[in-house]
>>> print(open('start25.txt').read())   # compact mmCIF, C-alpha atoms and all ligand atoms
# COMPACT_ATOMS: atom_id res chain seq x y z
CA MET L 1 14.20 3.83 -16.81
CA ALA L 2 13.54 7.59 -16.83
CA TYR L 3 10.65 8.53 -14.57
CA GLU L 4 9.05 11.98 -14.53
CA THR L 5 6.56 11.74 -11.69
CA ILE L 6 8.27 9.41 -9.20
CA LEU L 7 11.77 8.80 -7.83
CA VAL L 8 12.93 5.20 -7.67
CA GLU L 9 15.82 3.88 -5.59
CA THR L 10 16.94 0.68 -3.95
CA ARG L 11 18.16 0.66 -0.35
CA GLY L 12 19.74 -2.74 0.19
CA LYS L 13 16.91 -5.24 -0.25
CA VAL L 14 14.22 -2.55 -0.17
CA GLY L 15 12.78 -0.77 -3.21
CA LEU L 16 11.83 2.84 -2.51
CA ILE L 17 9.29 4.75 -4.63
CA THR L 18 8.75 8.45 -3.87
CA LEU L 19 5.82 10.21 -5.50
CA ASN L 20 7.18 13.39 -7.03
CA ARG L 21 4.65 15.88 -8.37
CA PRO L 22 5.15 18.54 -5.68
CA GLN L 23 3.43 21.27 -7.71
CA ALA L 24 0.16 19.26 -7.54
CA LEU L 25 0.59 17.75 -4.05
CA ASN L 26 1.34 14.43 -5.77
CA ALA L 27 -2.09 14.30 -7.43
CA LEU L 28 -2.29 10.93 -9.12
CA ASN L 29 -2.58 11.27 -12.87
CA GLY L 30 -2.43 8.43 -15.40
CA GLN L 31 1.29 8.90 -15.99
CA LEU L 32 2.10 8.65 -12.29
CA ILE L 33 0.06 5.48 -11.78
CA GLY L 34 1.72 4.01 -14.90
CA GLU L 35 5.16 4.84 -13.55
CA ILE L 36 4.39 3.29 -10.13
CA ASN L 37 3.40 0.11 -11.97
CA GLN L 38 6.60 0.14 -14.05
CA ALA L 39 8.70 0.56 -10.91
CA LEU L 40 6.78 -2.22 -9.15
CA ASP L 41 7.20 -4.51 -12.19
CA GLY L 42 10.95 -3.98 -11.82
CA PHE L 43 10.99 -4.66 -8.08
CA GLU L 44 8.78 -7.75 -8.45
CA ALA L 45 11.19 -9.16 -11.05
CA ASP L 46 14.30 -8.33 -9.01
CA ALA L 47 15.24 -11.30 -6.82
CA GLY L 48 17.33 -8.98 -4.64
CA ILE L 49 14.29 -7.00 -3.48
CA GLY L 50 12.20 -8.30 -0.59
CA CYS L 51 9.95 -5.34 0.21
CA VAL L 52 8.88 -1.99 -1.28
CA VAL L 53 8.24 1.34 0.43
CA LEU L 54 5.90 3.86 -1.17
CA THR L 55 6.08 7.43 0.09
CA GLY L 56 5.36 11.04 -0.86
CA SER L 57 6.52 14.38 0.49
CA GLU L 58 6.27 15.89 3.96
CA LYS L 59 3.24 17.93 2.83
CA ALA L 60 1.42 15.28 0.84
CA PHE L 61 1.52 11.55 0.33
CA ALA L 62 -1.02 12.29 -2.42
CA ALA L 63 -3.95 14.74 -2.51
CA GLY L 64 -6.03 12.39 -4.64
CA ALA L 65 -6.62 11.47 -8.22
CA ASP L 66 -5.82 14.39 -10.52
CA ILE L 67 -9.06 16.39 -10.53
CA LYS L 68 -7.98 18.52 -13.48
CA GLU L 69 -7.36 15.38 -15.56
CA MET L 70 -10.85 14.04 -14.68
CA GLN L 71 -12.82 17.26 -14.77
CA SER L 72 -14.12 17.08 -18.37
CA ARG L 73 -14.74 13.35 -18.55
CA SER L 74 -18.13 11.91 -19.56
CA PHE L 75 -19.92 8.85 -18.19
CA PRO L 76 -19.36 6.49 -21.14
CA GLY L 77 -15.74 7.57 -21.51
CA THR L 78 -14.98 7.05 -17.82
CA TYR L 79 -16.75 3.70 -17.78
CA LEU L 80 -15.25 2.42 -21.03
CA ASP L 81 -11.71 3.54 -20.20
CA ASP L 82 -11.75 1.56 -16.95
CA LYS L 83 -9.24 4.09 -15.70
CA PHE L 84 -8.80 2.36 -12.37
CA ALA L 85 -7.77 -1.02 -13.80
CA ASP L 86 -4.20 0.28 -13.73
CA TRP L 87 -4.60 1.28 -10.09
CA ASP L 88 -5.92 -2.21 -9.25
CA ARG L 89 -2.60 -3.71 -10.38
CA ILE L 90 -0.88 -1.88 -7.53
CA GLY L 91 -3.13 -3.66 -5.03
CA ARG L 92 -2.43 -7.08 -6.52
CA ARG L 93 1.35 -7.17 -6.09
CA ARG L 94 2.97 -10.21 -4.48
CA LYS L 95 5.85 -8.56 -2.64
CA PRO L 96 4.91 -6.51 0.41
CA ILE L 97 4.47 -2.77 -0.01
CA VAL L 98 4.58 -0.48 3.02
CA ALA L 99 3.14 3.03 2.72
CA ALA L 100 4.99 5.83 4.55
CA VAL L 101 2.39 8.59 4.75
CA ALA L 102 3.02 12.20 5.72
CA GLY L 103 0.67 15.10 5.09
CA PHE L 104 -2.42 14.68 2.93
CA ALA L 105 -3.59 11.22 1.90
CA LEU L 106 -6.92 12.14 0.37
CA GLY L 107 -9.24 10.47 -2.10
CA GLY L 108 -7.10 8.37 -4.41
CA GLY L 109 -4.14 9.13 -2.11
CA CYS L 110 -5.90 7.39 0.78
CA GLU L 111 -6.95 4.60 -1.58
CA LEU L 112 -3.38 4.16 -2.82
CA ALA L 113 -2.10 3.95 0.78
CA MET L 114 -4.79 1.34 1.51
CA MET L 115 -3.64 -0.76 -1.48
CA CYS L 116 -0.35 -1.15 0.35
CA ASP L 117 -0.01 -3.90 2.95
CA PHE L 118 0.21 -1.55 5.89
CA ILE L 119 0.58 2.13 6.58
CA ILE L 120 3.09 3.89 8.80
CA ALA L 121 1.96 7.48 9.30
CA ALA L 122 3.77 10.62 10.34
CA ASP L 123 2.11 12.61 13.10
CA ASN L 124 1.06 15.25 10.52
CA ALA L 125 -0.77 12.76 8.27
CA LYS L 126 -4.35 13.52 7.28
CA PHE L 127 -6.56 10.86 5.73
CA GLY L 128 -9.89 11.35 4.01
CA GLN L 129 -12.20 10.51 1.14
CA PRO L 130 -13.42 13.99 0.11
CA GLU L 131 -14.85 12.93 -3.27
CA ILE L 132 -18.37 13.78 -2.03
CA ASN L 133 -17.31 17.44 -2.12
CA LEU L 134 -16.68 17.06 -5.85
CA GLY L 135 -20.05 15.49 -6.62
CA VAL L 136 -18.66 11.96 -6.94
CA ILE L 137 -17.68 9.06 -4.68
CA PRO L 138 -14.39 7.22 -4.09
CA GLY L 139 -13.54 5.29 -7.25
CA ALA L 140 -10.37 3.37 -6.50
CA GLY L 141 -11.56 1.16 -3.68
CA GLY L 142 -12.29 3.67 -0.91
CA THR L 143 -15.84 2.56 -0.14
CA GLN L 144 -14.63 -1.04 0.18
CA ARG L 145 -11.14 -0.93 1.68
CA LEU L 146 -11.84 1.90 4.12
CA THR L 147 -14.97 0.13 5.36
CA LYS L 148 -13.04 -3.11 5.87
CA ALA L 149 -10.24 -1.23 7.63
CA ILE L 150 -12.21 0.96 10.03
CA GLY L 151 -15.78 -0.35 10.04
CA LYS L 152 -19.06 0.97 8.68
CA SER L 153 -19.77 3.83 11.07
CA LYS L 154 -16.47 5.65 10.70
CA ALA L 155 -16.22 4.90 6.98
CA MET L 156 -19.68 6.40 6.48
CA ASP L 157 -18.70 9.42 8.58
CA LEU L 158 -15.60 10.07 6.44
CA ILE L 159 -17.10 9.26 3.05
CA LEU L 160 -20.42 11.10 3.57
CA THR L 161 -19.03 14.23 5.24
CA GLY L 162 -15.75 14.33 3.33
CA ARG L 163 -13.91 15.33 6.52
CA MET L 164 -10.27 14.57 7.16
CA MET L 165 -8.99 12.40 10.03
CA GLY L 166 -5.63 12.94 11.71
CA ALA L 167 -2.93 10.35 12.31
CA GLU L 168 -3.96 9.59 15.89
CA GLU L 169 -7.59 8.94 14.93
CA ALA L 170 -6.41 6.87 11.96
CA GLU L 171 -4.30 4.68 14.24
CA ARG L 172 -7.10 4.34 16.77
CA SER L 173 -9.43 3.29 13.95
CA GLY L 174 -7.08 0.62 12.64
CA LEU L 175 -6.29 2.31 9.32
CA VAL L 176 -2.71 2.92 10.32
CA ALA L 177 -0.30 0.43 11.88
CA ARG L 178 1.90 2.98 13.66
CA VAL L 179 2.33 6.73 14.02
CA VAL L 180 5.84 8.17 14.24
CA PRO L 181 7.24 11.71 14.37
CA LEU L 182 7.46 13.24 10.89
CA ALA L 183 11.25 13.47 11.09
CA ASP L 184 11.51 9.70 11.66
CA LEU L 185 8.95 8.56 9.08
CA LEU L 186 11.21 7.35 6.30
CA ALA L 187 13.85 5.85 8.61
CA GLU L 188 11.22 3.96 10.65
CA THR L 189 9.45 2.70 7.53
CA LEU L 190 12.68 1.60 5.90
CA LYS L 191 13.60 -0.20 9.13
CA ALA L 192 10.31 -2.11 9.02
CA ALA L 193 10.79 -2.88 5.32
CA GLU L 194 14.37 -4.05 5.89
CA ALA L 195 13.15 -6.36 8.65
CA ILE L 196 10.62 -7.87 6.22
CA ALA L 197 13.19 -8.13 3.42
CA ALA L 198 15.53 -10.06 5.74
CA LYS L 199 12.98 -12.89 6.14
CA SER L 200 12.52 -15.82 3.81
CA LEU L 201 10.72 -14.42 0.76
CA PRO L 202 8.54 -17.54 0.20
CA SER L 203 7.19 -17.28 3.74
CA VAL L 204 6.68 -13.51 3.39
CA LEU L 205 4.72 -13.95 0.14
CA MET L 206 2.62 -16.74 1.63
CA ALA L 207 1.94 -14.79 4.83
CA LYS L 208 0.78 -11.81 2.75
CA GLU L 209 -1.41 -14.00 0.54
CA SER L 210 -2.93 -15.71 3.58
CA VAL L 211 -3.83 -12.45 5.33
CA GLU L 212 -5.36 -11.17 2.08
CA ARG L 213 -7.51 -14.32 1.97
CA ALA L 214 -9.19 -13.21 5.19
CA PHE L 215 -10.90 -10.47 3.16
CA GLU L 216 -12.10 -12.81 0.43
CA VAL L 217 -13.38 -16.07 1.90
CA THR L 218 -15.23 -17.57 4.86
CA LEU L 219 -13.36 -18.28 8.10
CA GLN L 220 -13.34 -22.05 7.52
CA GLU L 221 -12.08 -21.66 3.95
CA GLY L 222 -9.43 -19.20 5.13
CA LEU L 223 -8.30 -21.59 7.88
CA ARG L 224 -8.03 -24.45 5.38
CA PHE L 225 -6.02 -22.22 3.04
CA GLU L 226 -3.70 -21.19 5.87
CA ARG L 227 -3.22 -24.83 6.96
CA ARG L 228 -2.17 -25.91 3.45
CA VAL L 229 0.18 -22.97 3.02
CA PHE L 230 1.70 -23.59 6.46
CA ALA L 231 2.35 -27.23 5.57
CA SER L 232 3.83 -26.31 2.19
CA LEU L 233 6.50 -24.15 3.80
CA PHE L 234 7.98 -27.33 5.32
CA ALA L 235 9.15 -28.11 1.78
CA THR L 236 11.53 -25.12 1.87
CA ALA L 237 15.19 -25.06 2.86
CA ASP L 238 14.46 -21.81 4.69
CA GLN L 239 12.14 -23.62 7.12
CA LYS L 240 14.98 -26.03 7.97
CA GLU L 241 17.38 -23.10 8.32
CA GLY L 242 14.96 -21.00 10.41
CA MET L 243 14.23 -23.76 12.89
CA ALA L 244 17.86 -24.95 13.04
CA ALA L 245 19.00 -21.39 13.71
CA PHE L 246 16.51 -21.12 16.58
CA ALA L 247 17.72 -24.40 18.12
CA GLU L 248 21.37 -23.37 17.69
CA LYS L 249 20.71 -19.88 19.12
CA ARG L 250 21.96 -18.03 16.03
CA LYS L 251 20.48 -15.76 13.37
CA PRO L 252 18.96 -17.57 10.38
CA ASP L 253 20.57 -17.19 6.97
CA PHE L 254 17.61 -17.33 4.64
CA ARG L 255 18.28 -18.06 0.95
CA ASN L 256 14.72 -17.71 -0.40
CA ALA L 257 14.79 -21.39 -1.21
N1 LIG L 301 -5.87 17.10 -8.37
C1 LIG L 301 -5.28 18.05 -9.09
N2 LIG L 301 -4.58 19.06 -8.53
C2 LIG L 301 -4.52 19.11 -7.19
C3 LIG L 301 -5.15 18.13 -6.37
C4 LIG L 301 -5.86 17.10 -7.02
N3 LIG L 301 -6.45 16.08 -6.33
N4 LIG L 301 -4.93 18.46 -5.08
C5 LIG L 301 -4.19 19.58 -5.09
N5 LIG L 301 -3.92 19.97 -6.34
C6 LIG L 301 -3.15 21.14 -6.79
C7 LIG L 301 -3.93 22.42 -6.60
O1 LIG L 301 -4.83 22.65 -7.67
C8 LIG L 301 -2.83 23.45 -6.56
O2 LIG L 301 -2.38 23.67 -7.88
P1 LIG L 301 -2.16 25.20 -8.38
O3 LIG L 301 -1.06 25.71 -7.51
O4 LIG L 301 -1.76 25.02 -9.80
O5 LIG L 301 -3.45 25.91 -8.16
C9 LIG L 301 -1.69 22.68 -5.84
O6 LIG L 301 -2.01 21.29 -5.97
C10 LIG L 301 -1.60 23.01 -4.35
O7 LIG L 301 -2.90 22.77 -3.80
P2 LIG L 301 -3.66 23.86 -2.88
O8 LIG L 301 -3.27 25.25 -3.26
O9 LIG L 301 -5.10 23.53 -2.90
O10 LIG L 301 -2.99 23.50 -1.46
P3 LIG L 301 -3.62 23.74 -0.02
O11 LIG L 301 -2.53 23.45 0.94
O12 LIG L 301 -4.32 25.06 0.06
O13 LIG L 301 -4.79 22.61 0.13
C11 LIG L 301 -5.66 20.38 -0.05
C12 LIG L 301 -4.43 21.29 0.19
C13 LIG L 301 -6.64 20.54 1.13
C14 LIG L 301 -5.17 18.94 -0.10
C15 LIG L 301 -6.36 20.79 -1.36
O14 LIG L 301 -5.38 20.86 -2.40
C16 LIG L 301 -7.43 19.83 -1.81
O15 LIG L 301 -8.53 19.86 -1.26
N6 LIG L 301 -7.15 18.98 -2.82
C17 LIG L 301 -8.11 18.09 -3.40
C18 LIG L 301 -8.41 16.90 -2.50
C19 LIG L 301 -9.45 16.00 -3.14
O16 LIG L 301 -10.58 16.41 -3.37
N7 LIG L 301 -9.05 14.75 -3.45
C20 LIG L 301 -9.93 13.80 -4.08
C21 LIG L 301 -9.71 13.79 -5.55
S1 LIG L 301 -10.89 12.79 -6.45
C22 LIG L 301 -10.35 11.20 -6.28
O17 LIG L 301 -9.32 10.95 -5.69
C23 LIG L 301 -11.20 10.15 -6.91
C24 LIG L 301 -10.82 8.75 -6.56
O18 LIG L 301 -11.45 8.11 -5.77
C25 LIG L 301 -9.68 8.09 -7.21
>>> encode(input="start25.txt", output="structure tokens")
Amino acid sequence: MAYETILVETRGKVGLITLNRPQALNALNGQLIGEINQALDGFEADAGIGCVVLTGSEKAFAAGADIKEMQSRSFPGTYLDDKFADWDRIGRRRKPIVAAVAGFALGGGCELAMMCDFIIAADNAKFGQPEINLGVIPGAGGTQRLTKAIGKSKAMDLILTGRMMGAEEAERSGLVARVVPLADLLAETLKAAEAIAAKSLPSVLMAKESVERAFEVTLQEGLRFERRVFASLFATADQKEGMAAFAEKRKPDFRNA
């Protein structure tokens, strides 16, 4: 597959996607979102891949949706096109995706990072939803995911003022799982992704699905869902292997079965 706006590699059991439009600070145009989806389709279908890392450059994870592409759009065209349906597919993937964010993660860039399962940020990362400065609002989930991640007060602050927040504030707010020095960002994120990819894939997929449920349903419904999924994992060979390995004081050899 020839990609023009991203770089795609595999590192062992980890799929690595690097956004690659440096001249536009990785602004997210339709082609780039399409290519991310193609790469993710490939990784989802590849039984050898257990986790995906999504990253950008040292200067920008992504500076937002491509403003120049959107500039001349009309209301009916924007509404009818349902431009963000393609973006939504990124947030509905089954295998875990970890975002490694350095530099700007603004507007759609912040929204793309939030579609991933968790974010590891470099100490130079800057997050924000500056759409208000353009006379619009976040359109790819920012008003919803940011609010769920950091709460109403801070989400309102960021979305209404359009200000940026640094890595430390983002970690303190719960948007970011960890902050690491810029020089270590990719290595640390790949290490986390490799650790995930070494687990039993059925349990990883079910853990991800169960955490996602917490955002969709009531506590009691979520607990019932978790209980059923927990029980179902006892039908896997990997549960037998994982628990036997613990009892025998050795590392488990998971077969995704
Ligand atoms: N879309 C299109 N092009 C963009 C872009 C964007 N979101 N962000 C940056 N670029 C382009 C610039 O136009 C510039 O291109 P030229 O060299 O051809 O002029 C190039 O990238 C470098 O950018 P700057 O010269 O502006 O770099 P800087 O270091 O001075 O500033 C920045 C960096 C503060 C991130 C600034 O580029 C900026 O404010 N970008 C826009 C951020 C933004 O408003 N994002 C929200 C977009 S709307 C959205 O995302 C909607 C949604 O919810 C999905």
>>> closest_residue(input="start25.txt", among="L:Lys59, L:Lys148, L:Lys191, L:Lys95", to="ligand LIG 301 (chain L)", atoms="all atoms listed in the file")
L:Lys59
>>> residues_around(input="start25.txt", residues="Asp86 in chain L", least_positions_apart="2", cutoff="9 Å", atoms="only C-alpha atoms", output="PyMOL selection string")
chain L and resi 30+33-34+37+82-84+88-90
>>> closest_atom_pairs(input="start25.txt", of="chain L", to="ligand LIG 301 (chain L)", cutoff="10 Å", atoms="all atoms listed in the file", output="JSON lines")
{"residue": "L:Arg21", "atom": "CA", "partner": "L:LIG301", "partner_atom": "O6", "distance": 8.9}
{"residue": "L:Pro22", "atom": "CA", "partner": "L:LIG301", "partner_atom": "O6", "distance": 7.7}
{"residue": "L:Gln23", "atom": "CA", "partner": "L:LIG301", "partner_atom": "C9", "distance": 5.6}
{"residue": "L:Ala24", "atom": "CA", "partner": "L:LIG301", "partner_atom": "O6", "distance": 3.4}
{"residue": "L:Leu25", "atom": "CA", "partner": "L:LIG301", "partner_atom": "O6", "distance": 4.8}
{"residue": "L:Asn26", "atom": "CA", "partner": "L:LIG301", "partner_atom": "N4", "distance": 7.5}
{"residue": "L:Ala27", "atom": "CA", "partner": "L:LIG301", "partner_atom": "C4", "distance": 4.7}
{"residue": "L:Leu28", "atom": "CA", "partner": "L:LIG301", "partner_atom": "N1", "distance": 7.2}
{"residue": "L:Asn29", "atom": "CA", "partner": "L:LIG301", "partner_atom": "N1", "distance": 8.1}
{"residue": "L:Lys59", "atom": "CA", "partner": "L:LIG301", "partner_atom": "O11", "distance": 8.2}
{"residue": "L:Ala60", "atom": "CA", "partner": "L:LIG301", "partner_atom": "C14", "distance": 7.6}
{"residue": "L:Phe61", "atom": "CA", "partner": "L:LIG301", "partner_atom": "C14", "distance": 10.0}
{"residue": "L:Ala62", "atom": "CA", "partner": "L:LIG301", "partner_atom": "N3", "distance": 7.7}
{"residue": "L:Ala63", "atom": "CA", "partner": "L:LIG301", "partner_atom": "N4", "distance": 4.6}
{"residue": "L:Gly64", "atom": "CA", "partner": "L:LIG301", "partner_atom": "O17", "distance": 3.7}
{"residue": "L:Ala65", "atom": "CA", "partner": "L:LIG301", "partner_atom": "O17", "distance": 3.7}
{"residue": "L:Asp66", "atom": "CA", "partner": "L:LIG301", "partner_atom": "N1", "distance": 3.5}
{"residue": "L:Ile67", "atom": "CA", "partner": "L:LIG301", "partner_atom": "N1", "distance": 3.9}
{"residue": "L:Lys68", "atom": "CA", "partner": "L:LIG301", "partner_atom": "C1", "distance": 5.2}
{"residue": "L:Glu69", "atom": "CA", "partner": "L:LIG301", "partner_atom": "C1", "distance": 7.3}
{"residue": "L:Met70", "atom": "CA", "partner": "L:LIG301", "partner_atom": "S1", "distance": 8.3}
{"residue": "L:Gln71", "atom": "CA", "partner": "L:LIG301", "partner_atom": "N1", "distance": 9.4}
{"residue": "L:Lys83", "atom": "CA", "partner": "L:LIG301", "partner_atom": "C25", "distance": 9.4}
{"residue": "L:Phe84", "atom": "CA", "partner": "L:LIG301", "partner_atom": "C25", "distance": 7.8}
{"residue": "L:Trp87", "atom": "CA", "partner": "L:LIG301", "partner_atom": "C25", "distance": 9.0}
{"residue": "L:Gly103", "atom": "CA", "partner": "L:LIG301", "partner_atom": "C14", "distance": 8.7}
{"residue": "L:Phe104", "atom": "CA", "partner": "L:LIG301", "partner_atom": "C14", "distance": 5.9}
{"residue": "L:Ala105", "atom": "CA", "partner": "L:LIG301", "partner_atom": "C14", "distance": 8.1}
{"residue": "L:Leu106", "atom": "CA", "partner": "L:LIG301", "partner_atom": "N7", "distance": 5.1}
{"residue": "L:Gly107", "atom": "CA", "partner": "L:LIG301", "partner_atom": "O17", "distance": 3.6}
{"residue": "L:Gly108", "atom": "CA", "partner": "L:LIG301", "partner_atom": "O17", "distance": 3.6}
{"residue": "L:Gly109", "atom": "CA", "partner": "L:LIG301", "partner_atom": "O17", "distance": 6.6}
{"residue": "L:Cys110", "atom": "CA", "partner": "L:LIG301", "partner_atom": "O17", "distance": 8.1}
{"residue": "L:Glu111", "atom": "CA", "partner": "L:LIG301", "partner_atom": "O18", "distance": 7.1}
{"residue": "L:Leu112", "atom": "CA", "partner": "L:LIG301", "partner_atom": "C25", "distance": 8.6}
{"residue": "L:Lys126", "atom": "CA", "partner": "L:LIG301", "partner_atom": "C14", "distance": 9.2}
{"residue": "L:Gly128", "atom": "CA", "partner": "L:LIG301", "partner_atom": "N7", "distance": 8.2}
{"residue": "L:Gln129", "atom": "CA", "partner": "L:LIG301", "partner_atom": "C20", "distance": 6.6}
{"residue": "L:Pro130", "atom": "CA", "partner": "L:LIG301", "partner_atom": "O16", "distance": 5.1}
{"residue": "L:Glu131", "atom": "CA", "partner": "L:LIG301", "partner_atom": "C20", "distance": 5.1}
{"residue": "L:Ile132", "atom": "CA", "partner": "L:LIG301", "partner_atom": "O16", "distance": 8.3}
{"residue": "L:Asn133", "atom": "CA", "partner": "L:LIG301", "partner_atom": "O16", "distance": 6.9}
{"residue": "L:Leu134", "atom": "CA", "partner": "L:LIG301", "partner_atom": "O16", "distance": 6.6}
{"residue": "L:Gly135", "atom": "CA", "partner": "L:LIG301", "partner_atom": "S1", "distance": 9.6}
{"residue": "L:Val136", "atom": "CA", "partner": "L:LIG301", "partner_atom": "C23", "distance": 7.7}
{"residue": "L:Ile137", "atom": "CA", "partner": "L:LIG301", "partner_atom": "O18", "distance": 6.4}
{"residue": "L:Pro138", "atom": "CA", "partner": "L:LIG301", "partner_atom": "O18", "distance": 3.5}
{"residue": "L:Gly139", "atom": "CA", "partner": "L:LIG301", "partner_atom": "O18", "distance": 3.8}
{"residue": "L:Ala140", "atom": "CA", "partner": "L:LIG301", "partner_atom": "C25", "distance": 4.8}
{"residue": "L:Gly141", "atom": "CA", "partner": "L:LIG301", "partner_atom": "O18", "distance": 7.3}
{"residue": "L:Gly142", "atom": "CA", "partner": "L:LIG301", "partner_atom": "O18", "distance": 6.6}
{"residue": "L:Thr143", "atom": "CA", "partner": "L:LIG301", "partner_atom": "O18", "distance": 9.0}
{"residue": "L:Gly162", "atom": "CA", "partner": "L:LIG301", "partner_atom": "O16", "distance": 8.7}
{"residue": "L:Met164", "atom": "CA", "partner": "L:LIG301", "partner_atom": "C13", "distance": 9.2}
>>> closest_residue(input="start25.txt", among="L:Ala198, L:Cys51, L:Val98, L:Leu158", to="Leu185 in chain L", atoms="only C-alpha atoms")
L:Val98
>>> residues_around(input="start25.txt", residues="range 210-220 of chain L", least_positions_apart="3", cutoff="12 Å", atoms="all atoms listed in the file", output="list in words")
Gly91, Arg92, Arg93, Arg94, Pro96, Met115, Cys116, Asp117, Phe118, Gln144, Arg145, Thr147, Lys148, Ala149, Ser203, Val204, Leu205, Met206, Ala207, Leu223, Arg224, Phe225, Glu226, Arg227, Arg228, Val229 and Phe230 of chain L
>>> closest_residue(input="start25.txt", among="L:Gly12, L:Glu4, L:Phe43, L:Asp238", to="Gln31 in chain L", atoms="all atoms listed in the file")
L:Glu4
>>> atom_distance(input="start25.txt", atom1="CA of Glu9 in chain L", atom2="CA of Val52 in chain L")
10.1 Å
>>> closest_residue(input="start25.txt", among="L:Glu248, L:Asp253, L:Asp123, L:Glu58", to="Asn20 in chain L", atoms="only C-alpha atoms")
L:Glu58
>>> closest_residue(input="start25.txt", among="L:Gln38, L:Thr5, L:Thr55, L:Asn124", to="Ile17 in chain L", atoms="only C-alpha atoms")
L:Thr55
>>> closest_residue(input="start25.txt", among="L:Leu80, L:Val176, L:Ala47, L:Ala85", to="Asn256 in chain L", atoms="only C-alpha atoms")
L:Ala47
>>> axis_aligned_box(input="start25.txt", around="range 35-49 of chain L", padding_each_side="4 Å", output="AutoDock Vina command-line options")
--center_x 10.4 --center_y -3.2 --center_z -8.8 --size_x 21.9 --size_y 24.1 --size_z 18.6
